[in-house]
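Have a look at the structure below, then the notes.
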Amino acid sequence: MRQSRVFATLAMAALVSAPAFGQALTGTLKKIHDSGTITIGQRDASIPFSYFGKEGSDQSIGYSVDICMKVVDAIKAAIKVPSLKVQFTTVTSATRIPLIANGTIDLECGSTTNNLDRQKQVAFTNTYFVTANRYVAKKSSNIKTLNDLKGKTVVSTSGTTNIKWLTEENAKQNLGMNIVAAKDHPEAFLMVETGRAVAFFMDDILLAGLVATSKAPGDYEIGSEAYSVEPYGAMMPKDDPAFAKVVDDATANLYKSGEINALYEKWFLKPIPPKGITLNVPMSPQLKKALANPTASGDPAVYK
């Protein structure tokens, strides 16, 4: 009889504790826990952040992806689901924000600029890279300044901060440029490569990757003038403090432990797939500052 009472007590404790655990999870953490899956937004050609490393691949590799997988480990621990399934969904510059905002993806791991305007729709992890808006052009075109592009055809990628800046600056300075919106970065670069556009405006680190992997890297030059500061972070759902805390703690620990330095070296200072090129981009003072004092600020002044 006593043994029966012990089993009954244990059973009751289990019933009481199960709902309590469920109630402790809210928002995105609960969604991930209940489905047993986290959905990550990936890019197909944002070298070296998130890109398909070999032909025929449908899962990205890269600096951002490695960081996000560290975050996934922290999420597994937080929700106590070590066997959590990771599902990747390819997004574009135009679709990435809507897919986070409507809950289709839980975390976007790419090359997305964190700014105050975007923070009205989504939230960002602690910054993991700092770049700048510049253009790439063929050396033979002899483009040196923005004024040299007056009346010419230029390109940028749809849905980016770069094309927004370019459109506004074109009107402000009355440059008369014909601005073409490409669906992705490779299409935009191809337009410069084939002479359909004189210059491609994009984040300088992405331009460096495209030039390095092009057929004739020596034919191109990236403009020396930086038009804007672009801090990168992974996007996540807005107004979800419990999820944000897990993600922010994970990235802050990655940065402050120094483990981030090995990831940076792997993707920016060593040969990377698929061609074994080395970008040879040392860590900037702005990024060192952001990693030493983790921040998810969308104010560009913080990174200057």
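Identifiers in this document derive from the order of the structure tokens: chains are assigned A, B, ..., residues are numbered from 1 separately in each chain, and ligands are numbered from 1 in order of occurrence.
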At a cut-off of 10 Å, can you tabulate as a Markdown table every residue of range 106-145 of chain A near range 84-102 of chain A together with its closest atom pair and the distance in Å to one decimal, using only C-alpha atoms and ordering rows by chain then number?
| residue | atom | partner | partner_atom | distance |
| --- | --- | --- | --- | --- |
| A:Asp106 | CA | A:Ile100 | CA | 6.3 |
| A:Leu107 | CA | A:Ile100 | CA | 7.1 |
| A:Glu108 | CA | A:Arg96 | CA | 7.2 |
| A:Cys109 | CA | A:Val91 | CA | 9.7 |
| A:Gly110 | CA | A:Val91 | CA | 9.1 |
| A:Ser111 | CA | A:Ser93 | CA | 9.1 |
| A:Thr112 | CA | A:Ser93 | CA | 8.2 |
| A:Arg118 | CA | A:Ile97 | CA | 8.2 |
| A:Gln121 | CA | A:Ala101 | CA | 6.4 |
| A:Val122 | CA | A:Ala101 | CA | 6.2 |
| A:Ala123 | CA | A:Ile100 | CA | 9.2 |
Write the selection just made, keeping N, CA and C atoms, as an mmCIF file, in the first residue's frame?
data_model
loop_
_atom_site.group_PDB
_atom_site.id
_atom_site.type_symbol
_atom_site.label_atom_id
_atom_site.label_comp_id
_atom_site.auth_asym_id
_atom_site.auth_seq_id
_atom_site.Cartn_x
_atom_site.Cartn_y
_atom_site.Cartn_z
ATOM 1 N N ASP A 106 12.920 31.338 -37.959
ATOM 2 C CA ASP A 106 13.158 31.740 -36.577
ATOM 3 C C ASP A 106 14.426 32.576 -36.421
ATOM 4 N N LEU A 107 15.362 32.370 -37.323
ATOM 5 C CA LEU A 107 16.654 33.053 -37.250
ATOM 6 C C LEU A 107 17.181 33.179 -38.662
ATOM 7 N N GLU A 108 17.677 34.348 -39.036
ATOM 8 C CA GLU A 108 18.201 34.543 -40.397
ATOM 9 C C GLU A 108 19.699 34.748 -40.302
ATOM 10 N N CYS A 109 20.448 33.864 -40.939
ATOM 11 C CA CYS A 109 21.902 33.867 -40.817
ATOM 12 C C CYS A 109 22.523 34.221 -42.160
ATOM 13 N N GLY A 110 22.780 35.497 -42.360
ATOM 14 C CA GLY A 110 23.300 35.923 -43.655
ATOM 15 C C GLY A 110 24.206 37.127 -43.532
ATOM 16 N N SER A 111 23.907 38.142 -44.344
ATOM 17 C CA SER A 111 24.703 39.374 -44.379
ATOM 18 C C SER A 111 23.730 40.554 -44.337
ATOM 19 N N THR A 112 22.991 40.631 -43.249
ATOM 20 C CA THR A 112 21.921 41.616 -43.141
ATOM 21 C C THR A 112 22.330 42.783 -42.253
ATOM 22 N N ARG A 118 14.907 48.983 -39.918
ATOM 23 C CA ARG A 118 14.580 47.564 -39.921
ATOM 24 C C ARG A 118 14.153 47.066 -38.538
ATOM 25 N N GLN A 121 10.592 46.270 -37.634
ATOM 26 C CA GLN A 121 9.947 45.025 -38.077
ATOM 27 C C GLN A 121 10.544 43.767 -37.465
ATOM 28 N N VAL A 122 11.862 43.795 -37.215
ATOM 29 C CA VAL A 122 12.563 42.605 -36.719
ATOM 30 C C VAL A 122 13.570 43.020 -35.652
ATOM 31 N N ALA A 123 14.105 42.031 -34.951
ATOM 32 C CA ALA A 123 15.189 42.270 -33.996
ATOM 33 C C ALA A 123 16.481 41.665 -34.544
#
Kindly assemble as CSV a list of the range 31-65 of chain A residues that lie within 12 Å of range 240-250 of chain A, each paired with its nearest atom pair and their distance in Å to one decimal, using only C-alpha atoms, sorted first by chain and then by ascending residue number.
residue,atom,partner,partner_atom,distance
A:Lys31,CA,A:Phe243,CA,10.6
A:Ile32,CA,A:Phe243,CA,10.3
A:His33,CA,A:Phe243,CA,11.7
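Take the candidates A:Ile163, A:Ala234, A:Ser57, A:Gly218 and check each one against Asn126 in chain A using only C-alpha atoms; the shortest distance goes to A:Ala234.
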| message | What's around range 53-56 of chain A at 8 Å? Count only C-alpha atoms, leave out sequence neighbours fewer than 5 positions away in its own chain, and write the answer as a ChimeraX atom specification. | response | /A:61,273-274
| request: Please report, as a VMD selection string, each residue of range 181-231 of chain A to which DSSP assigns strand (DSSP E) when run on this structure's backbone. | output: chain A and resid 181 to 182 199 to 203 220 to 222 229 to 231
With 12 Å as the cut-off and only C-alpha atoms counted, what is the closest atom pair between each nearby residue of range 204-245 of chain A and range 264-270 of chain A? Distances in Å to one decimal, ordered by chain and number, as CSV.
residue,atom,partner,partner_atom,distance
A:Ile205,CA,A:Phe268,CA,9.7
A:Leu206,CA,A:Phe268,CA,11.6
A:Ala208,CA,A:Phe268,CA,10.7
A:Gly209,CA,A:Phe268,CA,9.8
A:Ala212,CA,A:Phe268,CA,12.0
The selected residues should be written to file as a PDB file, in the first residue's frame (atoms: N, CA and C atoms).
ATOM      1  N   ILE A 205      32.588  44.015 -48.195  1.00  0.00           N
ATOM      2  CA  ILE A 205      33.062  42.653 -47.966  1.00  0.00           C
ATOM      3  C   ILE A 205      32.415  41.670 -48.942  1.00  0.00           C
ATOM      4  N   LEU A 206      31.158  41.919 -49.306  1.00  0.00           N
ATOM      5  CA  LEU A 206      30.487  41.056 -50.288  1.00  0.00           C
ATOM      6  C   LEU A 206      31.067  41.282 -51.682  1.00  0.00           C
ATOM      7  N   ALA A 208      34.132  42.139 -52.228  1.00  0.00           N
ATOM      8  CA  ALA A 208      35.455  41.495 -52.204  1.00  0.00           C
ATOM      9  C   ALA A 208      35.330  40.006 -52.503  1.00  0.00           C
ATOM     10  N   GLY A 209      34.297  39.379 -51.953  1.00  0.00           N
ATOM     11  CA  GLY A 209      34.076  37.948 -52.206  1.00  0.00           C
ATOM     12  C   GLY A 209      33.746  37.679 -53.654  1.00  0.00           C
ATOM     13  N   ALA A 212      36.909  38.205 -55.807  1.00  0.00           N
ATOM     14  CA  ALA A 212      37.889  37.126 -55.588  1.00  0.00           C
ATOM     15  C   ALA A 212      37.491  35.837 -56.292  1.00  0.00           C
TER      16      ALA A 212
END
| said: For a quick check of understanding, using only C-alpha atoms, which of A:Ala197, A:Ala45, A:Ile40, A:Leu175 has the smallest distance to Thr213 in chain A? | reply: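 Smallest distance to Thr213 in chain A is found for A:Ala45.
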| Near-Pro217 in chain A list (12 Å; only C-alpha atoms; drop same-chain fewer than 2 positions) as number ranges by chain | A: 136-139, 193, 207-215, 219-222, 277, 279
Taking N, CA and C atoms for each residue, export the selection above as a PDB file, in the first residue's frame.
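File produced: out_36.pdb:
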ATOM      1  N   VAL A 136      31.758  48.524 -56.859  1.00  0.00           N
ATOM      2  CA  VAL A 136      32.815  47.870 -57.614  1.00  0.00           C
ATOM      3  C   VAL A 136      32.603  48.204 -59.082  1.00  0.00           C
ATOM      4  N   ALA A 137      33.694  48.448 -59.790  1.00  0.00           N
ATOM      5  CA  ALA A 137      33.638  48.757 -61.223  1.00  0.00           C
ATOM      6  C   ALA A 137      34.877  48.169 -61.889  1.00  0.00           C
ATOM      7  N   LYS A 138      34.812  48.015 -63.191  1.00  0.00           N
ATOM      8  CA  LYS A 138      36.006  47.564 -63.908  1.00  0.00           C
ATOM      9  C   LYS A 138      37.046  48.688 -63.904  1.00  0.00           C
ATOM     10  N   LYS A 139      38.300  48.323 -63.738  1.00  0.00           N
ATOM     11  CA  LYS A 139      39.373  49.318 -63.750  1.00  0.00           C
ATOM     12  C   LYS A 139      39.377  50.098 -65.053  1.00  0.00           C
ATOM     13  N   GLU A 193      30.200  42.701 -65.014  1.00  0.00           N
ATOM     14  CA  GLU A 193      31.113  41.822 -65.746  1.00  0.00           C
ATOM     15  C   GLU A 193      30.837  41.857 -67.248  1.00  0.00           C
ATOM     16  N   LEU A 207      31.395  42.528 -51.978  1.00  0.00           N
ATOM     17  CA  LEU A 207      32.045  42.834 -53.257  1.00  0.00           C
ATOM     18  C   LEU A 207      33.403  42.141 -53.337  1.00  0.00           C
ATOM     19  N   ALA A 208      34.132  42.139 -52.228  1.00  0.00           N
ATOM     20  CA  ALA A 208      35.455  41.495 -52.204  1.00  0.00           C
ATOM     21  C   ALA A 208      35.330  40.006 -52.503  1.00  0.00           C
ATOM     22  N   GLY A 209      34.297  39.379 -51.953  1.00  0.00           N
ATOM     23  CA  GLY A 209      34.076  37.948 -52.206  1.00  0.00           C
ATOM     24  C   GLY A 209      33.746  37.679 -53.654  1.00  0.00           C
ATOM     25  N   LEU A 210      32.910  38.534 -54.246  1.00  0.00           N
ATOM     26  CA  LEU A 210      32.516  38.359 -55.648  1.00  0.00           C
ATOM     27  C   LEU A 210      33.698  38.579 -56.590  1.00  0.00           C
ATOM     28  N   VAL A 211      34.510  39.576 -56.292  1.00  0.00           N
ATOM     29  CA  VAL A 211      35.693  39.838 -57.120  1.00  0.00           C
ATOM     30  C   VAL A 211      36.667  38.663 -57.018  1.00  0.00           C
ATOM     31  N   ALA A 212      36.909  38.205 -55.807  1.00  0.00           N
ATOM     32  CA  ALA A 212      37.889  37.126 -55.588  1.00  0.00           C
ATOM     33  C   ALA A 212      37.491  35.837 -56.292  1.00  0.00           C
ATOM     34  N   THR A 213      36.195  35.596 -56.423  1.00  0.00           N
ATOM     35  CA  THR A 213      35.728  34.354 -57.052  1.00  0.00           C
ATOM     36  C   THR A 213      35.360  34.540 -58.526  1.00  0.00           C
ATOM     37  N   SER A 214      35.621  35.725 -59.069  1.00  0.00           N
ATOM     38  CA  SER A 214      35.283  36.000 -60.474  1.00  0.00           C
ATOM     39  C   SER A 214      36.322  35.400 -61.417  1.00  0.00           C
ATOM     40  N   LYS A 215      36.026  35.452 -62.709  1.00  0.00           N
ATOM     41  CA  LYS A 215      36.939  34.884 -63.712  1.00  0.00           C
ATOM     42  C   LYS A 215      38.242  35.665 -63.827  1.00  0.00           C
ATOM     43  N   ASP A 219      40.629  42.539 -62.929  1.00  0.00           N
ATOM     44  CA  ASP A 219      39.934  43.508 -63.779  1.00  0.00           C
ATOM     45  C   ASP A 219      39.105  44.522 -62.987  1.00  0.00           C
ATOM     46  N   TYR A 220      38.935  44.280 -61.675  1.00  0.00           N
ATOM     47  CA  TYR A 220      37.974  45.079 -60.908  1.00  0.00           C
ATOM     48  C   TYR A 220      38.634  45.895 -59.800  1.00  0.00           C
ATOM     49  N   GLU A 221      37.949  46.968 -59.442  1.00  0.00           N
ATOM     50  CA  GLU A 221      38.413  47.825 -58.357  1.00  0.00           C
ATOM     51  C   GLU A 221      37.221  48.242 -57.503  1.00  0.00           C
ATOM     52  N   ILE A 222      37.383  48.128 -56.200  1.00  0.00           N
ATOM     53  CA  ILE A 222      36.340  48.557 -55.265  1.00  0.00           C
ATOM     54  C   ILE A 222      36.628  49.994 -54.859  1.00  0.00           C
ATOM     55  N   ILE A 277      39.978  30.178 -52.283  1.00  0.00           N
ATOM     56  CA  ILE A 277      40.485  31.555 -52.285  1.00  0.00           C
ATOM     57  C   ILE A 277      40.623  32.054 -50.843  1.00  0.00           C
ATOM     58  N   LEU A 279      40.281  35.578 -48.727  1.00  0.00           N
ATOM     59  CA  LEU A 279      39.850  36.975 -48.819  1.00  0.00           C
ATOM     60  C   LEU A 279      40.887  37.911 -48.222  1.00  0.00           C
TER      61      LEU A 279
END
| message | I need the alpha helix (DSSP H) residues of range 41-190 of chain A per DSSP on the backbone, written as a ChimeraX atom specification. | response | /A:63-79,96-101,161-172,185-190
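With distances restricted to only C-alpha atoms, A:Met235 is the closest residue to Gln42 in chain A from A:Val72, A:Ala188, A:Val155, A:Met235.
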| request: For Phe129 in chain A, work out the shell of residues within 12 Å, counting only C-alpha atoms and skipping chain neighbours fewer than 4 positions away, then give it as a count of residues only. | output: 42
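We find CA of Gly62 in chain A and CA of Asp184 in chain A to be spaced 17.5 Å apart.
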| task | Excluding Lys150 in chain A and residues on its chain fewer than 3 positions from it, collect all residues at most 12 Å away from it, counting only C-alpha atoms, and give them as a list of chain:residue names. | result |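 Answer for this query is A:Ile143, A:Lys144, A:Thr145, A:Leu146, A:Asn147, A:Thr153, A:Val154, A:Glu169, A:Asn170, A:Ala171, A:Gln173, A:Asn174, A:Leu175, A:Gly176, A:Met177, A:Asn178, A:Ile179, A:Val198, A:Ala199.
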| request: To one decimal in Å, tell me the separation between CA of Ala292 in chain A and CA of Lys70 in chain A. | output: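 Distance reported for this atom pair: 18.0 Å.
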| From the set A:Arg196, A:Ile75, A:Thr167, A:Gly159, which residue has the shortest atom-to-atom contact distance to Lys183 in chain A, counting only C-alpha atoms? | A:Gly159
